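Q: For reference, the file start_38.pdb (PDB, C-alpha atoms, pLDDT in the B column) is included below:
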```
ATOM      1  CA  MET S   1       0.000   0.000   0.000  1.00 91.00           C
ATOM      2  CA  LEU S   2       1.572   3.250  -1.213  1.00 96.00           C
ATOM      3  CA  ILE S   3       1.464   6.450   0.844  1.00 97.00           C
ATOM      4  CA  TYR S   4       2.588   9.870  -0.389  1.00 97.00           C
ATOM      5  CA  VAL S   5       4.362  12.182   2.059  1.00 97.00           C
ATOM      6  CA  VAL S   6       4.461  15.806   0.878  1.00 97.00           C
ATOM      7  CA  GLU S   7       6.584  17.835   3.303  1.00 95.00           C
ATOM      8  CA  ASP S   8       9.272  20.441   2.572  1.00 94.00           C
ATOM      9  CA  ASP S   9      11.162  19.899   5.852  1.00 93.00           C
ATOM     10  CA  GLU S  10      13.629  17.134   5.021  1.00 94.00           C
ATOM     11  CA  SER S  11      14.053  15.928   8.619  1.00 94.00           C
ATOM     12  CA  ILE S  12      10.299  15.563   9.147  1.00 94.00           C
ATOM     13  CA  ARG S  13       9.887  14.033   5.695  1.00 95.00           C
ATOM     14  CA  ASP S  14      12.526  11.414   6.453  1.00 96.00           C
ATOM     15  CA  LEU S  15      11.054  10.714   9.911  1.00 95.00           C
ATOM     16  CA  LEU S  16       7.597  10.111   8.444  1.00 96.00           C
ATOM     17  CA  LYS S  17       9.018   7.908   5.694  1.00 96.00           C
ATOM     18  CA  ILE S  18      10.911   5.747   8.193  1.00 96.00           C
ATOM     19  CA  ALA S  19       7.894   5.439  10.515  1.00 97.00           C
ATOM     20  CA  LEU S  20       5.501   4.511   7.727  1.00 97.00           C
ATOM     21  CA  GLU S  21       7.875   2.035   6.129  1.00 97.00           C
ATOM     22  CA  GLY S  22       8.428   0.506   9.565  1.00 96.00           C
ATOM     23  CA  SER S  23       4.666  -0.089   9.704  1.00 96.00           C
ATOM     24  CA  GLY S  24       4.719  -1.945   6.408  1.00 95.00           C
ATOM     25  CA  TYR S  25       3.718   0.814   3.990  1.00 97.00           C
ATOM     26  CA  GLU S  26       5.467   1.738   0.760  1.00 96.00           C
ATOM     27  CA  VAL S  27       6.310   5.449   0.781  1.00 97.00           C
ATOM     28  CA  SER S  28       7.053   8.075  -1.861  1.00 97.00           C
ATOM     29  CA  ALA S  29       8.255  11.362  -0.353  1.00 97.00           C
ATOM     30  CA  PHE S  30       8.101  14.795  -2.023  1.00 97.00           C
ATOM     31  CA  GLU S  31       9.278  18.252  -1.011  1.00 95.00           C
ATOM     32  CA  SER S  32       6.716  20.015  -3.204  1.00 95.00           C
ATOM     33  CA  ALA S  33       3.072  19.598  -4.111  1.00 96.00           C
ATOM     34  CA  GLU S  34       3.923  19.941  -7.783  1.00 96.00           C
ATOM     35  CA  GLY S  35       6.154  16.868  -7.602  1.00 95.00           C
ATOM     36  CA  ALA S  36       3.452  14.773  -5.947  1.00 96.00           C
ATOM     37  CA  LEU S  37       0.657  15.906  -8.261  1.00 96.00           C
ATOM     38  CA  GLY S  38       2.755  15.046 -11.280  1.00 93.00           C
ATOM     39  CA  ARG S  39       2.976  11.423 -10.192  1.00 94.00           C
ATOM     40  CA  LEU S  40      -0.578  10.772  -8.947  1.00 93.00           C
ATOM     41  CA  GLU S  41      -1.909   9.430 -12.239  1.00 86.00           C
ATOM     42  CA  ARG S  42       0.903   6.932 -12.556  1.00 91.00           C
ATOM     43  CA  ASP S  43       1.360   5.782  -8.945  1.00 92.00           C
ATOM     44  CA  LYS S  44      -2.228   5.781  -7.612  1.00 90.00           C
ATOM     45  CA  PRO S  45      -1.341   6.039  -3.872  1.00 95.00           C
ATOM     46  CA  SER S  46      -3.739   4.840  -1.184  1.00 95.00           C
ATOM     47  CA  LEU S  47      -3.285   7.924   1.044  1.00 97.00           C
ATOM     48  CA  MET S  48      -1.472  11.260   1.165  1.00 97.00           C
ATOM     49  CA  LEU S  49       0.078  13.166   4.071  1.00 97.00           C
ATOM     50  CA  LEU S  50       0.070  16.774   2.863  1.00 96.00           C
ATOM     51  CA  TYR S  51       1.741  19.697   4.628  1.00 93.00           C
ATOM     52  CA  ILE S  52      -0.075  23.024   4.188  1.00 90.00           C
ATOM     53  CA  MET S  53       2.820  25.500   4.226  1.00 88.00           C
ATOM     54  CA  LEU S  54       4.685  24.301   1.139  1.00 92.00           C
ATOM     55  CA  PRO S  55       6.843  26.424  -1.161  1.00 91.00           C
ATOM     56  CA  GLY S  56       5.202  27.152  -4.502  1.00 92.00           C
ATOM     57  CA  LEU S  57       1.788  25.504  -4.596  1.00 94.00           C
ATOM     58  CA  ASP S  58       0.607  25.253  -0.993  1.00 91.00           C
ATOM     59  CA  GLY S  59      -1.166  22.243   0.460  1.00 91.00           C
ATOM     60  CA  THR S  60      -4.626  23.790   0.450  1.00 90.00           C
ATOM     61  CA  GLU S  61      -4.464  24.662  -3.241  1.00 92.00           C
ATOM     62  CA  ALA S  62      -2.958  21.257  -4.029  1.00 94.00           C
ATOM     63  CA  LEU S  63      -5.847  19.574  -2.233  1.00 93.00           C
ATOM     64  CA  LYS S  64      -8.381  21.597  -4.234  1.00 92.00           C
ATOM     65  CA  LEU S  65      -6.735  20.385  -7.452  1.00 94.00           C
ATOM     66  CA  ILE S  66      -6.942  16.796  -6.204  1.00 94.00           C
ATOM     67  CA  ARG S  67     -10.624  17.081  -5.271  1.00 92.00           C
ATOM     68  CA  ASN S  68     -11.475  18.678  -8.636  1.00 91.00           C
ATOM     69  CA  ASN S  69      -9.624  16.067 -10.687  1.00 90.00           C
ATOM     70  CA  ALA S  70     -11.781  14.362 -13.307  1.00 86.00           C
ATOM     71  CA  ASN S  71     -10.245  10.999 -12.379  1.00 86.00           C
ATOM     72  CA  LYS S  72     -12.395   9.587  -9.560  1.00 80.00           C
ATOM     73  CA  ALA S  73      -9.490   7.523  -8.182  1.00 83.00           C
ATOM     74  CA  ILE S  74      -7.532  10.759  -7.690  1.00 90.00           C
ATOM     75  CA  SER S  75     -10.348  13.067  -6.583  1.00 90.00           C
ATOM     76  CA  ARG S  76     -11.294  10.692  -3.760  1.00 89.00           C
ATOM     77  CA  LEU S  77      -7.728  10.118  -2.537  1.00 94.00           C
ATOM     78  CA  PRO S  78      -7.697  10.080   1.314  1.00 94.00           C
ATOM     79  CA  VAL S  79      -5.670  13.070   2.555  1.00 95.00           C
ATOM     80  CA  ILE S  80      -4.419  13.961   6.030  1.00 94.00           C
ATOM     81  CA  MET S  81      -3.339  17.596   6.269  1.00 92.00           C
ATOM     82  CA  LEU S  82      -0.278  18.468   8.347  1.00 91.00           C
ATOM     83  CA  THR S  83       0.343  21.996   9.614  1.00 86.00           C
ATOM     84  CA  ALA S  84       2.386  23.983  12.087  1.00 79.00           C
ATOM     85  CA  LYS S  85      -0.648  26.166  12.722  1.00 67.00           C
ATOM     86  CA  ASP S  86      -3.089  25.229  15.468  1.00 64.00           C
ATOM     87  CA  GLY S  87      -5.731  27.903  14.936  1.00 60.00           C
ATOM     88  CA  GLU S  88      -9.339  26.821  14.579  1.00 62.00           C
ATOM     89  CA  ARG S  89      -9.622  28.804  11.341  1.00 66.00           C
ATOM     90  CA  ASP S  90      -6.750  26.906   9.725  1.00 63.00           C
ATOM     91  CA  LYS S  91      -8.219  23.563  10.739  1.00 63.00           C
ATOM     92  CA  VAL S  92     -11.618  24.512   9.331  1.00 66.00           C
ATOM     93  CA  LEU S  93      -9.985  25.768   6.134  1.00 66.00           C
ATOM     94  CA  GLY S  94      -8.152  22.478   5.678  1.00 64.00           C
ATOM     95  CA  LEU S  95     -11.229  20.363   6.293  1.00 67.00           C
ATOM     96  CA  ASP S  96     -13.407  22.588   4.103  1.00 69.00           C
ATOM     97  CA  SER S  97     -10.869  22.165   1.315  1.00 73.00           C
ATOM     98  CA  GLY S  98     -11.571  18.444   1.387  1.00 81.00           C
ATOM     99  CA  ALA S  99      -9.113  17.002   3.909  1.00 87.00           C
ATOM    100  CA  ASP S 100     -10.192  13.743   5.551  1.00 88.00           C
ATOM    101  CA  ASP S 101      -8.209  14.451   8.720  1.00 88.00           C
ATOM    102  CA  TYR S 102      -5.946  17.154  10.172  1.00 86.00           C
ATOM    103  CA  MET S 103      -2.909  17.034  12.440  1.00 89.00           C
ATOM    104  CA  THR S 104      -0.984  19.903  13.989  1.00 87.00           C
ATOM    105  CA  LYS S 105       2.766  19.858  14.532  1.00 84.00           C
ATOM    106  CA  PRO S 106       4.290  18.702  16.741  1.00 85.00           C
ATOM    107  CA  PHE S 107       2.410  15.406  16.631  1.00 87.00           C
ATOM    108  CA  SER S 108       3.312  11.980  17.949  1.00 92.00           C
ATOM    109  CA  ILE S 109       4.262   9.320  15.430  1.00 94.00           C
ATOM    110  CA  PRO S 110       2.084   6.655  17.125  1.00 95.00           C
ATOM    111  CA  GLU S 111      -0.952   8.939  16.863  1.00 93.00           C
ATOM    112  CA  LEU S 112      -0.191   9.702  13.219  1.00 95.00           C
ATOM    113  CA  LEU S 113       0.118   5.997  12.402  1.00 96.00           C
ATOM    114  CA  ALA S 114      -3.158   5.315  14.217  1.00 94.00           C
ATOM    115  CA  ARG S 115      -4.917   7.982  12.149  1.00 92.00           C
ATOM    116  CA  VAL S 116      -3.417   6.609   8.944  1.00 96.00           C
ATOM    117  CA  ARG S 117      -4.706   3.123   9.776  1.00 95.00           C
ATOM    118  CA  ALA S 118      -8.135   4.483  10.733  1.00 92.00           C
ATOM    119  CA  LEU S 119      -8.485   6.505   7.526  1.00 93.00           C
ATOM    120  CA  ILE S 120      -7.401   3.588   5.355  1.00 93.00           C
ATOM    121  CA  ARG S 121      -9.880   1.353   7.162  1.00 91.00           C
ATOM    122  CA  ARG S 122     -12.723   3.863   6.666  1.00 89.00           C
ATOM    123  CA  THR S 123     -11.850   4.221   3.008  1.00 88.00           C
ATOM    124  CA  GLU S 124     -11.861   0.472   2.446  1.00 86.00           C
ATOM    125  CA  GLU S 125     -15.208   0.156   4.246  1.00 80.00           C
ATOM    126  CA  ARG S 126     -16.656   2.904   2.067  1.00 80.00           C
ATOM    127  CA  LYS S 127     -15.428   1.191  -1.086  1.00 79.00           C
ATOM    128  CA  ARG S 128     -16.972  -2.090   0.022  1.00 74.00           C
ATOM    129  CA  ALA S 129     -20.258  -0.358   0.760  1.00 68.00           C
ATOM    130  CA  GLU S 130     -20.243   1.345  -2.636  1.00 71.00           C
ATOM    131  CA  ASN S 131     -19.531  -2.009  -4.261  1.00 81.00           C
ATOM    132  CA  GLU S 132     -22.601  -3.564  -2.643  1.00 86.00           C
ATOM    133  CA  LEU S 133     -26.102  -3.484  -4.088  1.00 90.00           C
ATOM    134  CA  LYS S 134     -29.097  -4.058  -1.813  1.00 92.00           C
ATOM    135  CA  LEU S 135     -32.785  -4.410  -2.477  1.00 94.00           C
ATOM    136  CA  GLY S 136     -34.973  -5.668   0.334  1.00 94.00           C
ATOM    137  CA  MET S 137     -33.752  -9.137   1.294  1.00 95.00           C
ATOM    138  CA  LEU S 138     -31.425  -9.251  -1.742  1.00 95.00           C
ATOM    139  CA  THR S 139     -27.718  -8.343  -1.474  1.00 94.00           C
ATOM    140  CA  VAL S 140     -25.108  -8.434  -4.239  1.00 94.00           C
ATOM    141  CA  LYS S 141     -21.438  -8.049  -3.259  1.00 89.00           C
ATOM    142  CA  GLY S 142     -19.584  -6.770  -6.294  1.00 84.00           C
ATOM    143  CA  ASP S 143     -16.070  -7.363  -4.948  1.00 78.00           C
ATOM    144  CA  SER S 144     -16.668 -11.115  -4.519  1.00 83.00           C
ATOM    145  CA  ARG S 145     -19.549 -11.501  -7.018  1.00 88.00           C
ATOM    146  CA  GLN S 146     -21.700 -13.123  -4.330  1.00 93.00           C
ATOM    147  CA  VAL S 147     -25.497 -12.984  -4.207  1.00 95.00           C
ATOM    148  CA  PHE S 148     -27.446 -13.408  -0.963  1.00 96.00           C
ATOM    149  CA  VAL S 149     -31.128 -13.685  -0.175  1.00 96.00           C
ATOM    150  CA  GLY S 150     -31.159 -12.892   3.507  1.00 95.00           C
ATOM    151  CA  ASP S 151     -28.205 -14.865   4.892  1.00 93.00           C
ATOM    152  CA  THR S 152     -28.393 -17.578   2.224  1.00 95.00           C
ATOM    153  CA  GLU S 153     -25.948 -17.421  -0.672  1.00 96.00           C
ATOM    154  CA  VAL S 154     -27.407 -18.062  -4.117  1.00 96.00           C
ATOM    155  CA  ALA S 155     -25.318 -19.459  -6.974  1.00 94.00           C
ATOM    156  CA  LEU S 156     -25.985 -17.705 -10.296  1.00 93.00           C
ATOM    157  CA  THR S 157     -24.352 -18.258 -13.661  1.00 90.00           C
ATOM    158  CA  PHE S 158     -22.136 -15.483 -15.058  1.00 86.00           C
ATOM    159  CA  LYS S 159     -24.878 -14.071 -17.302  1.00 87.00           C
ATOM    160  CA  GLU S 160     -27.555 -14.391 -14.616  1.00 92.00           C
ATOM    161  CA  TYR S 161     -25.329 -12.433 -12.254  1.00 92.00           C
ATOM    162  CA  GLU S 162     -24.529  -9.732 -14.820  1.00 90.00           C
ATOM    163  CA  MET S 163     -28.198  -9.389 -15.736  1.00 93.00           C
ATOM    164  CA  LEU S 164     -29.245  -9.098 -12.073  1.00 95.00           C
ATOM    165  CA  VAL S 165     -26.608  -6.442 -11.384  1.00 93.00           C
ATOM    166  CA  TYR S 166     -27.710  -4.444 -14.434  1.00 93.00           C
ATOM    167  CA  LEU S 167     -31.334  -4.550 -13.300  1.00 95.00           C
ATOM    168  CA  LEU S 168     -30.352  -3.501  -9.767  1.00 94.00           C
ATOM    169  CA  LYS S 169     -28.337  -0.571 -11.090  1.00 90.00           C
ATOM    170  CA  ASN S 170     -31.466   0.476 -12.965  1.00 93.00           C
ATOM    171  CA  GLU S 171     -33.872  -0.127 -10.084  1.00 93.00           C
ATOM    172  CA  ASN S 172     -37.485   0.910 -10.748  1.00 93.00           C
ATOM    173  CA  ARG S 173     -36.756   1.531 -14.451  1.00 94.00           C
ATOM    174  CA  VAL S 174     -38.155  -0.681 -17.196  1.00 95.00           C
ATOM    175  CA  VAL S 175     -35.272  -2.293 -19.103  1.00 94.00           C
ATOM    176  CA  SER S 176     -36.125  -3.654 -22.543  1.00 91.00           C
ATOM    177  CA  ARG S 177     -35.029  -7.062 -23.800  1.00 88.00           C
ATOM    178  CA  ASP S 178     -32.991  -5.361 -26.521  1.00 86.00           C
ATOM    179  CA  GLU S 179     -31.172  -3.283 -23.911  1.00 89.00           C
ATOM    180  CA  LEU S 180     -30.340  -6.364 -21.850  1.00 89.00           C
ATOM    181  CA  LEU S 181     -29.133  -8.198 -24.950  1.00 85.00           C
ATOM    182  CA  ARG S 182     -26.976  -5.225 -25.920  1.00 84.00           C
ATOM    183  CA  GLU S 183     -25.522  -4.544 -22.456  1.00 84.00           C
ATOM    184  CA  ILE S 184     -25.082  -8.119 -21.186  1.00 83.00           C
ATOM    185  CA  TRP S 185     -24.644 -10.237 -24.299  1.00 77.00           C
ATOM    186  CA  GLY S 186     -23.106  -7.607 -26.570  1.00 71.00           C
ATOM    187  CA  TYR S 187     -23.974  -5.923 -29.859  1.00 52.00           C
ATOM    188  CA  ASP S 188     -22.867  -8.923 -31.929  1.00 52.00           C
ATOM    189  CA  TYR S 189     -25.099 -11.453 -30.163  1.00 50.00           C
ATOM    190  CA  THR S 190     -26.882 -13.647 -32.762  1.00 52.00           C
ATOM    191  CA  GLY S 191     -28.387 -16.329 -30.532  1.00 54.00           C
ATOM    192  CA  GLU S 192     -31.983 -17.043 -29.550  1.00 57.00           C
ATOM    193  CA  THR S 193     -33.783 -13.825 -28.587  1.00 61.00           C
ATOM    194  CA  ARG S 194     -35.759 -15.728 -25.951  1.00 78.00           C
ATOM    195  CA  THR S 195     -32.510 -16.165 -24.009  1.00 81.00           C
ATOM    196  CA  ILE S 196     -33.470 -13.119 -21.868  1.00 86.00           C
ATOM    197  CA  ASP S 197     -36.784 -14.678 -20.858  1.00 89.00           C
ATOM    198  CA  ILE S 198     -35.053 -17.964 -20.027  1.00 89.00           C
ATOM    199  CA  HIS S 199     -32.410 -16.240 -17.882  1.00 91.00           C
ATOM    200  CA  ILE S 200     -35.039 -14.151 -16.107  1.00 94.00           C
ATOM    201  CA  ARG S 201     -37.017 -17.295 -15.289  1.00 93.00           C
ATOM    202  CA  THR S 202     -34.020 -19.260 -13.962  1.00 94.00           C
ATOM    203  CA  THR S 203     -32.814 -16.227 -11.965  1.00 96.00           C
ATOM    204  CA  ARG S 204     -36.217 -15.814 -10.346  1.00 96.00           C
ATOM    205  CA  GLN S 205     -36.291 -19.499  -9.439  1.00 95.00           C
ATOM    206  CA  LYS S 206     -32.849 -19.368  -7.845  1.00 96.00           C
ATOM    207  CA  LEU S 207     -33.647 -16.218  -5.875  1.00 96.00           C
ATOM    208  CA  GLY S 208     -36.718 -17.840  -4.349  1.00 95.00           C
ATOM    209  CA  GLU S 209     -38.951 -15.290  -2.635  1.00 93.00           C
ATOM    210  CA  ALA S 210     -36.641 -12.451  -3.742  1.00 95.00           C
ATOM    211  CA  GLY S 211     -37.285 -13.488  -7.341  1.00 95.00           C
ATOM    212  CA  GLY S 212     -40.562 -11.609  -6.990  1.00 95.00           C
ATOM    213  CA  TYR S 213     -38.617  -8.365  -7.163  1.00 96.00           C
ATOM    214  CA  ILE S 214     -38.142  -8.946 -10.912  1.00 96.00           C
ATOM    215  CA  LYS S 215     -41.291  -7.888 -12.766  1.00 95.00           C
ATOM    216  CA  THR S 216     -42.261  -8.589 -16.361  1.00 94.00           C
ATOM    217  CA  ILE S 217     -43.653  -5.451 -17.993  1.00 93.00           C
ATOM    218  CA  ARG S 218     -45.657  -6.778 -20.924  1.00 91.00           C
ATOM    219  CA  GLY S 219     -44.579  -5.470 -24.302  1.00 88.00           C
ATOM    220  CA  MET S 220     -41.724  -3.480 -22.727  1.00 91.00           C
ATOM    221  CA  GLY S 221     -39.258  -5.623 -20.820  1.00 92.00           C
ATOM    222  CA  TYR S 222     -38.346  -6.092 -17.164  1.00 95.00           C
ATOM    223  CA  LYS S 223     -38.120  -3.993 -14.022  1.00 95.00           C
ATOM    224  CA  ILE S 224     -36.722  -4.720 -10.573  1.00 96.00           C
ATOM    225  CA  SER S 225     -38.244  -3.102  -7.502  1.00 94.00           C
ATOM    226  CA  GLU S 226     -38.634  -3.889  -3.823  1.00 90.00           C
ATOM    227  CA  ASP S 227     -42.352  -4.632  -4.093  1.00 82.00           C
ATOM    228  CA  LEU S 228     -42.852  -8.381  -4.344  1.00 72.00           C
ATOM    229  CA  LEU S 229     -45.037  -9.746  -7.131  1.00 62.00           C
TER     230      LEU S 229
END
```
Could I get this file's structure written as structure tokens?
A:
Amino acid sequence: MLIYVVEDDESIRDLLKIALEGSGYEVSAFESAEGALGRLERDKPSLMLLYIMLPGLDGTEALKLIRNNANKAISRLPVIMLTAKDGERDKVLGLDSGADDYMTKPFSIPELLARVRALIRRTEERKRAENELKLGMLTVKGDSRQVFVGDTEVALTFKEYEMLVYLLKNENRVVSRDELLREIWGYDYTGETRTIDIHIRTTRQKLGEAGGYIKTIRGMGYKISEDLL
């Protein structure tokens, strides 16, 4: 797991690098925000420690550039701001700029490491939550491609799973058979057009009671919603 340290004071930069590497992290250290920003796209770090009072582009402006980046992986990078200032205004400014946490110098290394671990843990939990689709008693875990009805895991084929996920992502919207064929089977699919109906039927059967979430809208296609048939 790669962590960026952006700090112009070489002694503090080296101290942070040693402490983080001693805790098992990979570290890239920079003395300027410009240097760090230039490498973000390539390195994709898991977290950044960013000092506010940097020469050239300061930490607050650098953080604004990160949060406004069109690349979601960069714009949502977890950032802990570091500063020598302890005023309430500076803390609010840092947090309002998009910082996930804020530490004032001098700080203890154990506390810093604890905050790093906590922020990484929160970020991973958020990613897992975002990668999970829920509808009533139905849960789909995108990271492991598992489907649950209540606490019972349901085994779906690859296409059944992809079709269910697509319906869930379009909850309460009628999805036509042609759209499902195009999005799940691809534009060049030349097989039996009734394959959608067959997959819908087998998916419903496997989901048991939760299969009632999948509705047939005559002459239009299919819709998934929390109301049981």
Q: Evaluating the PyMOL selection byres ((chain S and resi 4) around 7) on the displayed file yields which residues, as a list in words?
A: Leu2, Ile3, Val5, Val6, Val27, Ser28, Ala29, Pro45, Leu47, Met48 and Leu49 of chain S
Q: I need the residue nearest S:Arg115 from this list: S:Leu167, S:Leu20, S:Leu138, S:Ile184. Use all atoms listed in the file for the distance.
A: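 Nearest candidate to S:Arg115 out of S:Leu167, S:Leu20, S:Leu138, S:Ile184: S:Leu20.
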Q: Which residues match the PyMOL selection byres ((chain S and resi 198-210) around 12) in the file above, as a PyMOL selection string?
A: chain S and resi 134-140+147-150+152-165+167+177+180-181+184-185+192-197+211-216+221-229
Q: Would you please work out which residue, of S:Leu50, S:Gly38, S:Glu183, S:Gly24, is nearest to S:Met1 when using all atoms listed in the file?
A: S:Gly24
Q: Could you give me the centre and size, in Å to one decimal, of an axis-aligned box around all listed atoms of stretch 197-203 of chain S with 3 Å added on every side, as lines of an AutoDock Vina configuration file?
A:
```
center_x = -34.7
center_y = -16.7
center_z = -16.4
size_x = 10.6
size_y = 11.1
size_z = 14.9
```
Q: Between S:Glu26, S:Arg67, S:Ser75, S:Glu7, which is the closest to S:Leu54 once you count only C-alpha atoms?
A: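 Among the listed residues, S:Glu7 lies closest to S:Leu54.
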Q: Show me, as an NGL selection string, the residues that have an atom within 10 Å of S:Leu37 when counting all atoms listed in the file, minus same-chain residues fewer than 2 positions from it.
A: :S and (6 or 30 or 32-35 or 39-42 or 62-63 or 65-66 or 74)
Q: List the residues selected by the PyMOL selection byres ((chain S and resi 120-123) around 12) in the file shown, writing them as a ChimeraX atom specification.
A: /S:1-3,25,45-48,73,76-80,100-101,113-119,124-130
Q: Please produce a file of the residues just selected, as a PDB file, in the coordinates of the input, where the atoms kept are C-alpha atoms.
A:
```pdb
ATOM      1  CA  MET S   1       0.000   0.000   0.000  1.00 91.00           C
ATOM      2  CA  LEU S   2       1.572   3.250  -1.213  1.00 96.00           C
ATOM      3  CA  ILE S   3       1.464   6.450   0.844  1.00 97.00           C
ATOM      4  CA  TYR S  25       3.718   0.814   3.990  1.00 97.00           C
ATOM      5  CA  PRO S  45      -1.341   6.039  -3.872  1.00 95.00           C
ATOM      6  CA  SER S  46      -3.739   4.840  -1.184  1.00 95.00           C
ATOM      7  CA  LEU S  47      -3.285   7.924   1.044  1.00 97.00           C
ATOM      8  CA  MET S  48      -1.472  11.260   1.165  1.00 97.00           C
ATOM      9  CA  ALA S  73      -9.490   7.523  -8.182  1.00 83.00           C
ATOM     10  CA  ARG S  76     -11.294  10.692  -3.760  1.00 89.00           C
ATOM     11  CA  LEU S  77      -7.728  10.118  -2.537  1.00 94.00           C
ATOM     12  CA  PRO S  78      -7.697  10.080   1.314  1.00 94.00           C
ATOM     13  CA  VAL S  79      -5.670  13.070   2.555  1.00 95.00           C
ATOM     14  CA  ILE S  80      -4.419  13.961   6.030  1.00 94.00           C
ATOM     15  CA  ASP S 100     -10.192  13.743   5.551  1.00 88.00           C
ATOM     16  CA  ASP S 101      -8.209  14.451   8.720  1.00 88.00           C
ATOM     17  CA  LEU S 113       0.118   5.997  12.402  1.00 96.00           C
ATOM     18  CA  ALA S 114      -3.158   5.315  14.217  1.00 94.00           C
ATOM     19  CA  ARG S 115      -4.917   7.982  12.149  1.00 92.00           C
ATOM     20  CA  VAL S 116      -3.417   6.609   8.944  1.00 96.00           C
ATOM     21  CA  ARG S 117      -4.706   3.123   9.776  1.00 95.00           C
ATOM     22  CA  ALA S 118      -8.135   4.483  10.733  1.00 92.00           C
ATOM     23  CA  LEU S 119      -8.485   6.505   7.526  1.00 93.00           C
ATOM     24  CA  GLU S 124     -11.861   0.472   2.446  1.00 86.00           C
ATOM     25  CA  GLU S 125     -15.208   0.156   4.246  1.00 80.00           C
ATOM     26  CA  ARG S 126     -16.656   2.904   2.067  1.00 80.00           C
ATOM     27  CA  LYS S 127     -15.428   1.191  -1.086  1.00 79.00           C
ATOM     28  CA  ARG S 128     -16.972  -2.090   0.022  1.00 74.00           C
ATOM     29  CA  ALA S 129     -20.258  -0.358   0.760  1.00 68.00           C
ATOM     30  CA  GLU S 130     -20.243   1.345  -2.636  1.00 71.00           C
TER      31      GLU S 130
END
```
